[in-house]
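Here's query.pdb, which has PDB, C-alpha atoms:
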```
MODEL        1
ATOM      1  CA  MET A   1       9.440  49.457 -10.111
ATOM      2  CA  THR A   2       7.350  52.059  -8.319
ATOM      3  CA  LEU A   3       4.178  53.905  -9.315
ATOM      4  CA  LEU A   4       3.255  57.147  -7.517
ATOM      5  CA  LEU A   5      -0.332  58.414  -7.379
ATOM      6  CA  HIS A   6      -0.889  62.181  -7.245
ATOM      7  CA  LEU A   7      -4.644  62.658  -7.604
ATOM      8  CA  ALA A   8      -6.607  65.719  -6.551
ATOM      9  CA  ASP A   9     -10.360  65.174  -6.052
ATOM     10  CA  PHE A  10     -10.019  61.372  -6.062
ATOM     11  CA  ASN A  11      -9.497  58.731  -3.374
ATOM     12  CA  GLU A  12      -5.809  57.943  -3.883
ATOM     13  CA  ARG A  13      -5.808  54.945  -1.535
ATOM     14  CA  ARG A  14      -8.636  53.214  -3.366
ATOM     15  CA  TRP A  15      -6.958  53.779  -6.724
ATOM     16  CA  ALA A  16      -3.655  52.561  -5.253
ATOM     17  CA  ASP A  17      -5.276  49.338  -4.069
ATOM     18  CA  GLY A  18      -6.639  48.786  -7.560
ATOM     19  CA  PHE A  19      -3.252  49.300  -9.191
ATOM     20  CA  ALA A  20      -1.547  47.059  -6.635
ATOM     21  CA  ALA A  21      -3.952  44.236  -7.488
ATOM     22  CA  ALA A  22      -3.538  44.776 -11.241
ATOM     23  CA  LEU A  23       0.264  45.116 -11.158
ATOM     24  CA  PRO A  24       1.660  42.417  -8.864
ATOM     25  CA  GLY A  25       5.337  42.999  -8.237
ATOM     26  CA  MET A  26       5.093  46.780  -8.654
ATOM     27  CA  ARG A  27       5.190  49.014  -5.601
ATOM     28  CA  VAL A  28       2.299  51.493  -5.619
ATOM     29  CA  VAL A  29       2.477  54.547  -3.351
ATOM     30  CA  THR A  30       0.414  57.660  -2.676
ATOM     31  CA  ARG A  31       1.552  61.068  -1.495
ATOM     32  CA  ALA A  32       0.766  59.986   2.076
ATOM     33  CA  ASP A  33       3.197  57.041   1.955
ATOM     34  CA  GLU A  34       6.931  56.924   2.689
ATOM     35  CA  TYR A  35       8.969  56.728  -0.504
ATOM     36  CA  GLU A  36      12.127  58.101  -2.095
ATOM     37  CA  PRO A  37      11.536  60.334  -5.134
ATOM     38  CA  ASP A  38      14.384  58.598  -6.965
ATOM     39  CA  GLU A  39      12.438  55.322  -6.733
ATOM     40  CA  ILE A  40       9.543  56.527  -8.872
ATOM     41  CA  ASP A  41       9.296  55.096 -12.406
ATOM     42  CA  TYR A  42       5.767  56.257 -13.241
ATOM     43  CA  ILE A  43       3.475  58.954 -11.870
ATOM     44  CA  PHE A  44      -0.314  58.755 -12.289
ATOM     45  CA  ILE A  45      -1.555  62.297 -11.906
ATOM     46  CA  TRP A  46      -4.521  64.670 -11.913
ATOM     47  CA  LYS A  47      -4.420  68.404 -11.072
ATOM     48  CA  PRO A  48      -0.748  68.436 -10.025
ATOM     49  CA  LEU A  49       0.590  70.684  -7.287
ATOM     50  CA  PRO A  50       3.429  73.007  -8.370
ATOM     51  CA  ASP A  51       6.083  70.701  -6.855
ATOM     52  CA  ALA A  52       4.474  67.460  -8.049
ATOM     53  CA  PHE A  53       7.567  66.293  -9.935
ATOM     54  CA  ALA A  54      10.247  67.501  -7.519
ATOM     55  CA  GLY A  55      13.005  64.896  -7.222
ATOM     56  CA  LEU A  56      11.416  62.458  -9.678
ATOM     57  CA  ASN A  57      14.608  61.959 -11.652
ATOM     58  CA  ARG A  58      13.953  58.407 -12.888
ATOM     59  CA  LEU A  59      10.554  58.915 -14.454
ATOM     60  CA  LYS A  60       9.804  56.828 -17.536
ATOM     61  CA  ALA A  61       6.356  58.271 -18.234
ATOM     62  CA  ILE A  62       3.705  60.627 -16.880
ATOM     63  CA  LEU A  63       0.223  59.095 -16.876
ATOM     64  CA  SER A  64      -2.621  61.635 -16.977
ATOM     65  CA  LEU A  65      -5.978  60.646 -15.528
ATOM     66  CA  GLY A  66      -7.747  63.179 -17.753
ATOM     67  CA  ALA A  67      -7.849  63.743 -21.490
ATOM     68  CA  GLY A  68      -6.852  67.390 -20.958
ATOM     69  CA  VAL A  69      -3.174  67.947 -20.126
ATOM     70  CA  ASP A  70      -2.836  71.735 -20.063
ATOM     71  CA  ALA A  71      -2.267  71.815 -16.291
ATOM     72  CA  LEU A  72       0.525  69.263 -16.685
ATOM     73  CA  LEU A  73       2.211  71.255 -19.437
ATOM     74  CA  ARG A  74       2.168  74.404 -17.292
ATOM     75  CA  ASN A  75       3.567  72.679 -14.204
ATOM     76  CA  PRO A  76       6.875  74.320 -13.225
ATOM     77  CA  SER A  77       8.411  71.131 -11.809
ATOM     78  CA  ARG A  78       7.618  68.856 -14.775
ATOM     79  CA  PRO A  79      10.810  67.334 -16.178
ATOM     80  CA  ALA A  80      11.393  68.046 -19.864
ATOM     81  CA  GLY A  81      11.318  65.218 -22.352
ATOM     82  CA  ILE A  82       9.280  62.731 -20.325
ATOM     83  CA  PRO A  83       6.353  61.387 -22.403
ATOM     84  CA  ILE A  84       2.844  62.205 -21.217
ATOM     85  CA  VAL A  85       0.161  59.575 -21.816
ATOM     86  CA  ARG A  86      -3.412  60.779 -21.566
ATOM     87  CA  PHE A  87      -6.415  58.687 -20.606
ATOM     88  CA  MET A  88      -8.624  57.927 -23.570
ATOM     89  CA  ASP A  89     -10.839  54.866 -23.500
ATOM     90  CA  GLU A  90     -14.355  53.896 -24.503
ATOM     91  CA  ASP A  91     -15.769  54.566 -21.028
ATOM     92  CA  LEU A  92     -14.543  58.167 -20.924
ATOM     93  CA  THR A  93     -15.643  58.727 -24.525
ATOM     94  CA  GLN A  94     -19.128  57.380 -23.803
ATOM     95  CA  ARG A  95     -19.498  59.610 -20.753
ATOM     96  CA  MET A  96     -18.537  62.706 -22.718
ATOM     97  CA  SER A  97     -20.947  61.870 -25.527
ATOM     98  CA  ASP A  98     -23.686  61.268 -22.948
ATOM     99  CA  TYR A  99     -23.125  64.796 -21.645
ATOM    100  CA  ILE A 100     -23.057  66.381 -25.105
ATOM    101  CA  VAL A 101     -26.160  64.585 -26.377
ATOM    102  CA  ALA A 102     -28.110  65.317 -23.188
ATOM    103  CA  ASN A 103     -27.326  69.033 -23.250
ATOM    104  CA  VAL A 104     -27.795  69.559 -26.978
ATOM    105  CA  SER A 105     -31.156  67.774 -26.805
ATOM    106  CA  MET A 106     -32.151  69.717 -23.709
ATOM    107  CA  HIS A 107     -31.566  73.063 -25.436
ATOM    108  CA  GLN A 108     -33.196  71.946 -28.696
ATOM    109  CA  ARG A 109     -36.260  71.005 -26.593
ATOM    110  CA  LEU A 110     -36.313  74.537 -25.100
ATOM    111  CA  ALA A 111     -35.440  73.464 -21.549
ATOM    112  CA  THR A 112     -34.638  76.950 -20.270
ATOM    113  CA  ARG A 113     -37.911  78.332 -21.686
ATOM    114  CA  PHE A 114     -39.957  75.660 -19.900
ATOM    115  CA  LYS A 115     -37.892  75.989 -16.721
ATOM    116  CA  ARG A 116     -38.892  79.634 -16.575
ATOM    117  CA  ASP A 117     -42.534  78.756 -17.269
ATOM    118  CA  GLN A 118     -42.502  76.211 -14.449
ATOM    119  CA  ALA A 119     -41.038  78.728 -12.007
ATOM    120  CA  ALA A 120     -43.790  81.180 -12.992
ATOM    121  CA  ARG A 121     -46.492  78.435 -12.936
ATOM    122  CA  ARG A 122     -47.242  79.474 -16.496
ATOM    123  CA  TRP A 123     -48.911  77.039 -18.925
ATOM    124  CA  SER A 124     -47.689  78.207 -22.327
ATOM    125  CA  GLN A 125     -47.542  75.589 -25.055
ATOM    126  CA  LEU A 126     -44.699  75.992 -27.526
ATOM    127  CA  TYR A 127     -43.674  73.003 -29.593
ATOM    128  CA  PRO A 128     -39.907  72.656 -30.120
ATOM    129  CA  ALA A 129     -38.521  72.232 -33.615
ATOM    130  CA  PRO A 130     -37.248  68.743 -34.489
ATOM    131  CA  ALA A 131     -33.594  67.795 -34.350
ATOM    132  CA  TRP A 132     -33.177  68.000 -38.118
ATOM    133  CA  ASP A 133     -33.958  71.720 -37.989
ATOM    134  CA  THR A 134     -31.074  72.304 -35.567
ATOM    135  CA  THR A 135     -27.433  72.732 -36.591
ATOM    136  CA  VAL A 136     -24.824  71.680 -34.039
ATOM    137  CA  GLY A 137     -21.268  72.922 -34.518
ATOM    138  CA  ILE A 138     -18.532  70.852 -32.859
ATOM    139  CA  MET A 139     -15.224  72.567 -32.146
ATOM    140  CA  GLY A 140     -12.582  69.844 -31.925
ATOM    141  CA  LEU A 141     -12.673  66.743 -34.108
ATOM    142  CA  GLY A 142     -10.536  64.340 -32.111
ATOM    143  CA  LYS A 143     -11.849  61.078 -30.703
ATOM    144  CA  LEU A 144     -14.321  62.808 -28.375
ATOM    145  CA  GLY A 145     -15.647  65.119 -31.065
ATOM    146  CA  LEU A 146     -16.041  62.344 -33.619
ATOM    147  CA  ASP A 147     -17.935  60.152 -31.172
ATOM    148  CA  ALA A 148     -20.266  62.997 -30.241
ATOM    149  CA  ILE A 149     -20.889  63.656 -33.935
ATOM    150  CA  ALA A 150     -21.775  60.010 -34.565
ATOM    151  CA  ARG A 151     -24.295  59.980 -31.728
ATOM    152  CA  LEU A 152     -25.871  63.331 -32.661
ATOM    153  CA  LYS A 153     -26.045  62.272 -36.299
ATOM    154  CA  ALA A 154     -28.045  59.200 -35.317
ATOM    155  CA  LEU A 155     -30.614  61.535 -33.726
ATOM    156  CA  GLY A 156     -31.010  63.574 -36.905
ATOM    157  CA  TYR A 157     -29.156  66.803 -36.083
ATOM    158  CA  ARG A 158     -27.479  68.797 -38.839
ATOM    159  CA  LEU A 159     -23.758  68.848 -38.098
ATOM    160  CA  ARG A 160     -20.700  70.904 -38.840
ATOM    161  CA  GLY A 161     -17.218  70.696 -37.382
ATOM    162  CA  TRP A 162     -14.211  72.962 -36.945
ATOM    163  CA  SER A 163     -10.633  71.860 -36.323
ATOM    164  CA  ARG A 164      -7.011  72.662 -36.981
ATOM    165  CA  SER A 165      -6.593  69.937 -39.599
ATOM    166  CA  ASP A 166      -8.910  68.782 -42.382
ATOM    167  CA  LYS A 167     -11.039  65.684 -41.840
ATOM    168  CA  ALA A 168     -13.520  63.962 -44.121
ATOM    169  CA  ILE A 169     -16.619  63.029 -42.082
ATOM    170  CA  ASP A 170     -19.652  61.647 -43.854
ATOM    171  CA  GLY A 171     -22.620  63.977 -43.575
ATOM    172  CA  VAL A 172     -20.664  66.703 -41.747
ATOM    173  CA  GLU A 173     -19.564  70.048 -43.149
ATOM    174  CA  VAL A 174     -15.983  70.519 -41.952
ATOM    175  CA  PHE A 175     -14.258  73.892 -41.572
ATOM    176  CA  VAL A 176     -10.487  74.091 -41.136
ATOM    177  CA  GLY A 177      -8.390  76.715 -39.394
ATOM    178  CA  PRO A 178      -8.872  80.322 -38.271
ATOM    179  CA  ALA A 179      -9.768  81.593 -41.754
ATOM    180  CA  THR A 180     -13.011  79.569 -41.757
ATOM    181  CA  PHE A 181     -14.039  80.184 -38.144
ATOM    182  CA  ALA A 182     -16.530  82.947 -38.860
ATOM    183  CA  ASP A 183     -18.220  80.893 -41.589
ATOM    184  CA  PHE A 184     -18.412  77.905 -39.256
ATOM    185  CA  LEU A 185     -20.071  79.985 -36.548
ATOM    186  CA  SER A 186     -22.524  81.745 -38.868
ATOM    187  CA  GLY A 187     -24.521  78.586 -39.512
ATOM    188  CA  THR A 188     -24.371  77.142 -35.994
ATOM    189  CA  ASP A 189     -27.298  77.063 -33.537
ATOM    190  CA  VAL A 190     -25.621  75.038 -30.770
ATOM    191  CA  LEU A 191     -21.874  75.512 -30.361
ATOM    192  CA  VAL A 192     -20.157  72.585 -28.605
ATOM    193  CA  ASN A 193     -16.569  72.977 -27.430
ATOM    194  CA  LEU A 194     -14.325  69.909 -27.222
ATOM    195  CA  LEU A 195     -11.058  71.576 -28.193
ATOM    196  CA  PRO A 196      -7.756  70.994 -26.414
ATOM    197  CA  LEU A 197      -6.596  74.039 -24.462
ATOM    198  CA  THR A 198      -3.648  75.679 -26.205
ATOM    199  CA  ALA A 199      -2.338  79.207 -26.631
ATOM    200  CA  GLU A 200      -4.469  79.469 -29.793
ATOM    201  CA  THR A 201      -7.703  78.281 -28.157
ATOM    202  CA  GLN A 202      -7.380  80.141 -24.836
ATOM    203  CA  GLY A 203     -10.440  82.353 -24.394
ATOM    204  CA  ILE A 204     -12.010  81.294 -27.704
ATOM    205  CA  LEU A 205     -15.483  81.294 -26.126
ATOM    206  CA  ASN A 206     -15.803  85.073 -25.995
ATOM    207  CA  TYR A 207     -18.300  87.757 -26.918
ATOM    208  CA  GLU A 208     -17.002  88.123 -30.476
ATOM    209  CA  THR A 209     -17.420  84.383 -31.034
ATOM    210  CA  PHE A 210     -20.943  84.430 -29.610
ATOM    211  CA  SER A 211     -21.947  87.398 -31.755
ATOM    212  CA  ARG A 212     -21.016  85.477 -34.914
ATOM    213  CA  LEU A 213     -23.327  82.526 -34.193
ATOM    214  CA  ARG A 214     -26.533  82.164 -36.168
ATOM    215  CA  ARG A 215     -29.124  84.518 -34.768
ATOM    216  CA  GLY A 216     -32.439  83.006 -33.889
ATOM    217  CA  GLY A 217     -32.429  79.730 -35.763
ATOM    218  CA  VAL A 218     -35.728  77.878 -35.851
ATOM    219  CA  ASP A 219     -38.367  79.639 -33.718
ATOM    220  CA  GLY A 220     -35.739  82.090 -32.421
ATOM    221  CA  TRP A 221     -34.464  79.908 -29.543
ATOM    222  CA  GLY A 222     -30.708  80.032 -30.269
ATOM    223  CA  PRO A 223     -27.826  80.415 -30.200
ATOM    224  CA  VAL A 224     -26.571  78.226 -27.354
ATOM    225  CA  ILE A 225     -23.123  77.118 -26.168
ATOM    226  CA  VAL A 226     -22.081  73.859 -24.501
ATOM    227  CA  ASN A 227     -18.579  73.830 -23.006
ATOM    228  CA  ALA A 228     -17.181  70.484 -21.906
ATOM    229  CA  GLY A 229     -13.598  71.380 -22.833
ATOM    230  CA  ARG A 230     -11.573  73.423 -20.354
ATOM    231  CA  GLY A 231     -12.330  76.458 -18.229
ATOM    232  CA  GLY A 232      -9.554  78.368 -19.977
ATOM    233  CA  HIS A 233     -11.520  78.248 -23.221
ATOM    234  CA  GLN A 234     -14.187  80.598 -21.898
ATOM    235  CA  LYS A 235     -14.323  84.199 -20.791
ATOM    236  CA  GLU A 236     -17.024  84.065 -18.160
ATOM    237  CA  ALA A 237     -17.599  87.813 -18.056
ATOM    238  CA  ASP A 238     -18.403  87.610 -21.781
ATOM    239  CA  ILE A 239     -20.745  84.664 -21.209
ATOM    240  CA  VAL A 240     -22.625  86.591 -18.518
ATOM    241  CA  ARG A 241     -22.875  89.625 -20.789
ATOM    242  CA  ALA A 242     -24.050  87.570 -23.789
ATOM    243  CA  LEU A 243     -26.648  85.671 -21.760
ATOM    244  CA  GLY A 244     -27.907  88.931 -20.310
ATOM    245  CA  ASP A 245     -28.318  90.847 -23.561
ATOM    246  CA  GLY A 246     -29.638  87.970 -25.684
ATOM    247  CA  THR A 247     -26.517  87.389 -27.778
ATOM    248  CA  LEU A 248     -26.702  83.901 -26.263
ATOM    249  CA  LYS A 249     -30.042  82.418 -25.318
ATOM    250  CA  ALA A 250     -28.648  79.680 -23.055
ATOM    251  CA  ALA A 251     -25.518  77.791 -22.031
ATOM    252  CA  SER A 252     -24.395  74.535 -20.480
ATOM    253  CA  LEU A 253     -21.073  74.831 -18.656
ATOM    254  CA  ASP A 254     -19.155  71.961 -17.089
ATOM    255  CA  VAL A 255     -15.802  73.758 -16.705
ATOM    256  CA  PHE A 256     -14.799  77.153 -15.359
ATOM    257  CA  GLU A 257     -11.933  79.625 -15.253
ATOM    258  CA  VAL A 258     -11.642  79.029 -11.490
ATOM    259  CA  GLU A 259     -12.789  75.745  -9.956
ATOM    260  CA  PRO A 260     -14.802  75.338  -7.854
ATOM    261  CA  LEU A 261     -16.874  78.123  -9.377
ATOM    262  CA  PRO A 262     -16.718  80.990  -6.860
ATOM    263  CA  GLN A 263     -19.880  81.680  -4.861
ATOM    264  CA  THR A 264     -19.751  85.264  -6.138
ATOM    265  CA  SER A 265     -20.087  84.257  -9.802
ATOM    266  CA  PRO A 266     -23.253  85.698 -11.383
ATOM    267  CA  LEU A 267     -23.595  82.469 -13.381
ATOM    268  CA  TRP A 268     -25.113  80.764 -10.330
ATOM    269  CA  ASP A 269     -28.174  83.021 -10.450
ATOM    270  CA  MET A 270     -28.841  82.961 -14.202
ATOM    271  CA  ASP A 271     -31.872  80.889 -15.146
ATOM    272  CA  ASN A 272     -30.619  80.257 -18.690
ATOM    273  CA  VAL A 273     -27.443  78.453 -17.571
ATOM    274  CA  PHE A 274     -27.002  74.808 -16.629
ATOM    275  CA  ILE A 275     -23.974  74.342 -14.380
ATOM    276  CA  THR A 276     -22.286  71.016 -13.623
ATOM    277  CA  PRO A 277     -19.110  70.706 -11.479
ATOM    278  CA  HIS A 278     -16.601  69.373 -14.060
ATOM    279  CA  ILE A 279     -18.157  65.901 -14.214
ATOM    280  CA  ALA A 280     -19.004  65.540 -17.917
ATOM    281  CA  ALA A 281     -16.472  62.755 -18.458
ATOM    282  CA  ALA A 282     -15.092  61.809 -15.070
ATOM    283  CA  SER A 283     -12.827  58.794 -15.399
ATOM    284  CA  SER A 284     -13.891  55.634 -13.621
ATOM    285  CA  GLU A 285     -11.594  53.809 -11.233
ATOM    286  CA  ARG A 286     -12.287  50.437 -12.815
ATOM    287  CA  THR A 287     -11.483  51.426 -16.382
ATOM    288  CA  GLY A 288      -8.680  53.806 -15.413
ATOM    289  CA  VAL A 289      -6.808  51.119 -13.502
ATOM    290  CA  ALA A 290      -7.278  48.615 -16.323
ATOM    291  CA  TYR A 291      -6.155  51.097 -18.979
ATOM    292  CA  PHE A 292      -2.992  52.350 -17.288
ATOM    293  CA  SER A 293      -1.992  48.953 -15.896
ATOM    294  CA  LYS A 294      -1.927  47.710 -19.471
ATOM    295  CA  VAL A 295       0.039  50.791 -20.557
ATOM    296  CA  ILE A 296       2.710  50.061 -17.944
ATOM    297  CA  ARG A 297       2.865  46.316 -18.655
ATOM    298  CA  ASP A 298       3.107  46.859 -22.403
ATOM    299  CA  PHE A 299       5.763  49.558 -22.080
ATOM    300  CA  GLU A 300       7.864  47.390 -19.791
ATOM    301  CA  ALA A 301       7.562  44.629 -22.399
ATOM    302  CA  GLY A 302       8.977  46.939 -25.049
ATOM    303  CA  LEU A 303       5.795  48.177 -26.736
ATOM    304  CA  PRO A 304       5.256  51.889 -27.492
ATOM    305  CA  LEU A 305       3.186  54.120 -25.253
ATOM    306  CA  PRO A 306      -0.323  54.924 -26.584
ATOM    307  CA  ASN A 307      -1.980  58.360 -26.732
ATOM    308  CA  VAL A 308       1.255  60.271 -26.132
ATOM    309  CA  ILE A 309       0.635  63.992 -26.451
ATOM    310  CA  ASP A 310       2.648  66.298 -28.680
ATOM    311  CA  GLN A 311       4.079  68.639 -26.059
ATOM    312  CA  GLN A 312       4.708  71.364 -28.649
ATOM    313  CA  ARG A 313       1.119  71.356 -29.902
ATOM    314  CA  GLY A 314      -0.337  70.824 -26.413
ATOM    315  CA  TYR A 315      -2.472  67.779 -27.228
TER     316      TYR A 315
ENDMDL
END
```

Structure encoded using structure tokens:
Amino acid sequence: MTLLLHLADFNERRWADGFAAALPGMRVVTRADEYEPDEIDYIFIWKPLPDAFAGLNRLKAILSLGAGVDALLRNPSRPAGIPIVRFMDEDLTQRMSDYIVANVSMHQRLATRFKRDQAARRWSQLYPAPAWDTTVGIMGLGKLGLDAIARLKALGYRLRGWSRSDKAIDGVEVFVGPATFADFLSGTDVLVNLLPLTAETQGILNYETFSRLRRGGVDGWGPVIVNAGRGGHQKEADIVRALGDGTLKAASLDVFEVEPLPQTSPLWDMDNVFITPHIAAASSERTGVAYFSKVIRDFEAGLPLPNVIDQQRGY
């Protein structure tokens, strides 16, 4: 058996060494190694090149380093019918919740207001409202969304959620489907996006969406958006416009339409935006190797693959 690593932005050799140690008897190769495409049984992949799957005619499964698989589904060389397993473990979930909690709390504590005061050397005391006066709306109620809700709930935030299918979540007002979207937005101070990227959710973070959010909230500091989903969810020209005219008061963005974010983007210069370079829930080498080594061992032993995406739904 042979495992191929195709990882943009990661050290393939180090990951390969980890898999080789965890999977004795399996050949592990990177794109820099000599191998025959027909030898490959599994491919472990992140940000695939257009020809990533060329000649891989014996594939049993595609193993995605990230939770988002939209780039895989769009890949022109991807063979039809091969199951795609996405990475979803406690480490990745914790990292995403860390990001969400940190950014929601930062905005609730008026971070952009005090950042401006610091730059101006201005001592102006304004006491932020408590968490229980802030309503956080989570778009996407999968494993990541539910974990973020649990952690925000423990801090006292009011919570509402929006998803494609109905879910009963204690203490959370849940809105289902497009017909309820406007109602969901109208009571939201901080909008958090954790949706999968599909044809229906492409560009959902747009000016119309922002204009429907609750105006002002407590002490007039909102609304705010936090996007840790995918760059394709947002229309950055609309974000710039909304941040400039007050439709949005602030934003935290970890993903972008084009990555790296171009130097010419006006977002870089806006003092009410917090930019991070797609690191909200970066997968760790240690847990990634352990997770997918077990996936391969179990599948070879006849057990089903976990976290297989529905390729028609896109997640």

Applying 9 Å and all atoms listed in the file, which residues near A:Lys60 remain after dropping the ones on its own chain fewer than 5 positions away? List them as an mmCIF file with C-alpha atoms, in the coordinates of the input.
```
data_model
loop_
_atom_site.group_PDB
_atom_site.id
_atom_site.type_symbol
_atom_site.label_atom_id
_atom_site.label_comp_id
_atom_site.auth_asym_id
_atom_site.auth_seq_id
_atom_site.Cartn_x
_atom_site.Cartn_y
_atom_site.Cartn_z
ATOM 1 C CA ILE A 40 9.543 56.527 -8.872
ATOM 2 C CA ASP A 41 9.296 55.096 -12.406
ATOM 3 C CA TYR A 42 5.767 56.257 -13.241
ATOM 4 C CA ILE A 43 3.475 58.954 -11.870
ATOM 5 C CA ILE A 82 9.280 62.731 -20.325
ATOM 6 C CA PRO A 83 6.353 61.387 -22.403
#
```

Open item on the list: I'd like the residues picked by the PyMOL selection byres ((chain A and resi 272) around 6) written out as a list in words, using the chain letters and numbers from the file.
Closed with: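 Against this file, the PyMOL selection byres ((chain A and resi 272) around 6) returns the residues Thr112, Ala250, Met270, Asp271 and Val273 of chain A.
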
Open item on the list: Taking 2 positions as the minimum chain separation for residues in the same chain, which residues sit within 9 Å of A:Gly18 when counting all atoms listed in the file? Answer as an NGL selection string.
Closed with: :A and (13-16 or 20-23 or 285-286 or 289-290)

- [ ] Find the residues around A:Leu72 up to 10 Å (all atoms listed in the file counted), leave out those fewer than 2 positions away in its own chain, and share them as number ranges by chain.
- [x] A: 45-50, 52, 62, 64, 68-70, 74-78, 84, 314

- [ ] Could you check which of A:Ala102, A:Val258, A:Met139, A:Val226 is closest to A:Val190, using only C-alpha atoms?
- [x] A:Val226

- [ ] Could you tell me which residues the PyMOL selection byres ((chain A and resi 100) around 9) returns for this structure, as a PyMOL selection string?
- [x] chain A and resi 95-99+101-105+148+152+192+226-228+280

Could you work out an axis-aligned bounding box for all listed atoms of stretch 223-241 of chain A, with 5 Å added on each of the six sides, and give its centre and edge lengths in Å to one decimal, as AutoDock Vina command-line options?
```
--center_x -18.7 --center_y 80.1 --center_z -24.1 --size_x 28.3 --size_y 29.1 --size_z 22.1
```

Open item on the list: If the PyMOL selection byres ((chain A and resi 294) around 12) were run on this exact file, what residues would it hold? Put them as a list in words.
Closed with: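 With the shown file as input, the PyMOL selection byres ((chain A and resi 294) around 12) matches Phe19, Ala22, Leu23, Leu63, Phe87, Thr287, Gly288, Val289, Ala290, Tyr291, Phe292, Ser293, Val295, Ile296, Arg297, Asp298, Phe299, Glu300, Ala301, Leu303, Pro304, Leu305 and Pro306 of chain A.
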
- [ ] Go through A:Glu173, A:Asp166, A:Glu208, A:Glu259 and flag the residue nearest A:Thr188, using only C-alpha atoms for the distances.
- [x]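 Between A:Glu173, A:Asp166, A:Glu208, A:Glu259, the residue approaching A:Thr188 most closely is A:Glu173.
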
Task: Long-range neighbours of A:Gly220 as number ranges by chain, 10 Å cut-off, only C-alpha atoms, 4 positions minimum in chain - done: A: 189, 214-216, 249

Open item on the list: Given all atoms listed in the file as the basis, pick out the residue of A:Arg160, A:Arg116, A:Pro24, A:Trp221 nearest to A:Pro128.
Closed with: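 Of all the options, A:Trp221 lies closest to A:Pro128.
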
TODO: Take atom CA of A:Ala80 and atom CA of A:Glu39 and report the distance between them in Å, one decimal.
DONE: 18.3 Å

Open item on the list: As an exercise, work out the distance from atom CA of A:Leu65 to atom CA of A:Arg230 in Å and give it to one decimal place.
Closed with: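 The value is 14.8 Å.
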
Task: Computed interatomic separation between atom CA of A:Phe44 and atom CA of A:Leu92 (Å) - done: 16.7 Å

- [ ] Excluding A:His233 and residues on its chain fewer than 6 positions from it, collect all residues at most 7 Å away from it, counting all atoms listed in the file, and give them as a PyMOL selection string.
- [x] chain A and resi 197+201-205

TODO: Using only C-alpha atoms, pick whichever of A:Leu141, A:Met106, A:Met88, A:Ile279 has the shortest atom-to-atom distance to A:Asn307.
DONE: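 Under the stated criterion, the closest residue is A:Met88.
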
Open item on the list: Counting all atoms listed in the file, which residues have an atom no more than 10 Å from (-29.9, 65.3, -35.0) in the file's coordinates? Please list them as a list of chain:residue names.
Closed with: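 These residues have at least one counted atom within 10 Å: A:Val101, A:Val104, A:Ser105, A:Gln108, A:Pro130, A:Ala131, A:Trp132, A:Asp133, A:Thr134, A:Thr135, A:Val136, A:Ile149, A:Ala150, A:Arg151, A:Leu152, A:Lys153, A:Ala154, A:Leu155, A:Gly156, A:Tyr157, A:Arg158, A:Leu159.
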
Open item on the list: Taking only C-alpha atoms into account, name the residue in A:Val85, A:Val240, A:Ala282, A:Ala129 that is nearest to A:Trp268.
Closed with: A:Val240

From the structure just shown, export stretch 111-118 of chain A with N, CA, C and O atoms as a compact mmCIF listing (two decimals), in the first residue's frame.
```txt
# COMPACT_ATOMS: atom_id res chain seq x y z
N ALA A 111 -12.73 46.27 21.52
CA ALA A 111 -11.30 46.31 21.20
C ALA A 111 -10.96 47.34 20.14
O ALA A 111 -9.93 48.03 20.25
N THR A 112 -11.78 47.46 19.10
CA THR A 112 -11.43 48.43 18.05
C THR A 112 -11.54 49.86 18.58
O THR A 112 -10.74 50.73 18.21
N ARG A 113 -12.52 50.12 19.44
CA ARG A 113 -12.66 51.46 20.03
C ARG A 113 -11.40 51.82 20.81
O ARG A 113 -10.83 52.91 20.65
N PHE A 114 -10.92 50.89 21.65
CA PHE A 114 -9.77 51.20 22.49
C PHE A 114 -8.46 51.18 21.69
O PHE A 114 -7.49 51.85 22.06
N LYS A 115 -8.44 50.42 20.59
CA LYS A 115 -7.27 50.46 19.71
C LYS A 115 -7.13 51.86 19.09
O LYS A 115 -6.02 52.39 18.99
N ARG A 116 -8.25 52.42 18.69
CA ARG A 116 -8.21 53.78 18.14
C ARG A 116 -7.79 54.79 19.20
O ARG A 116 -7.01 55.72 18.94
N ASP A 117 -8.32 54.64 20.42
CA ASP A 117 -7.95 55.54 21.51
C ASP A 117 -6.45 55.46 21.80
O ASP A 117 -5.79 56.48 22.04
N GLN A 118 -5.92 54.25 21.79
CA GLN A 118 -4.48 54.09 22.05
C GLN A 118 -3.65 54.79 20.98
O GLN A 118 -2.67 55.48 21.29
```
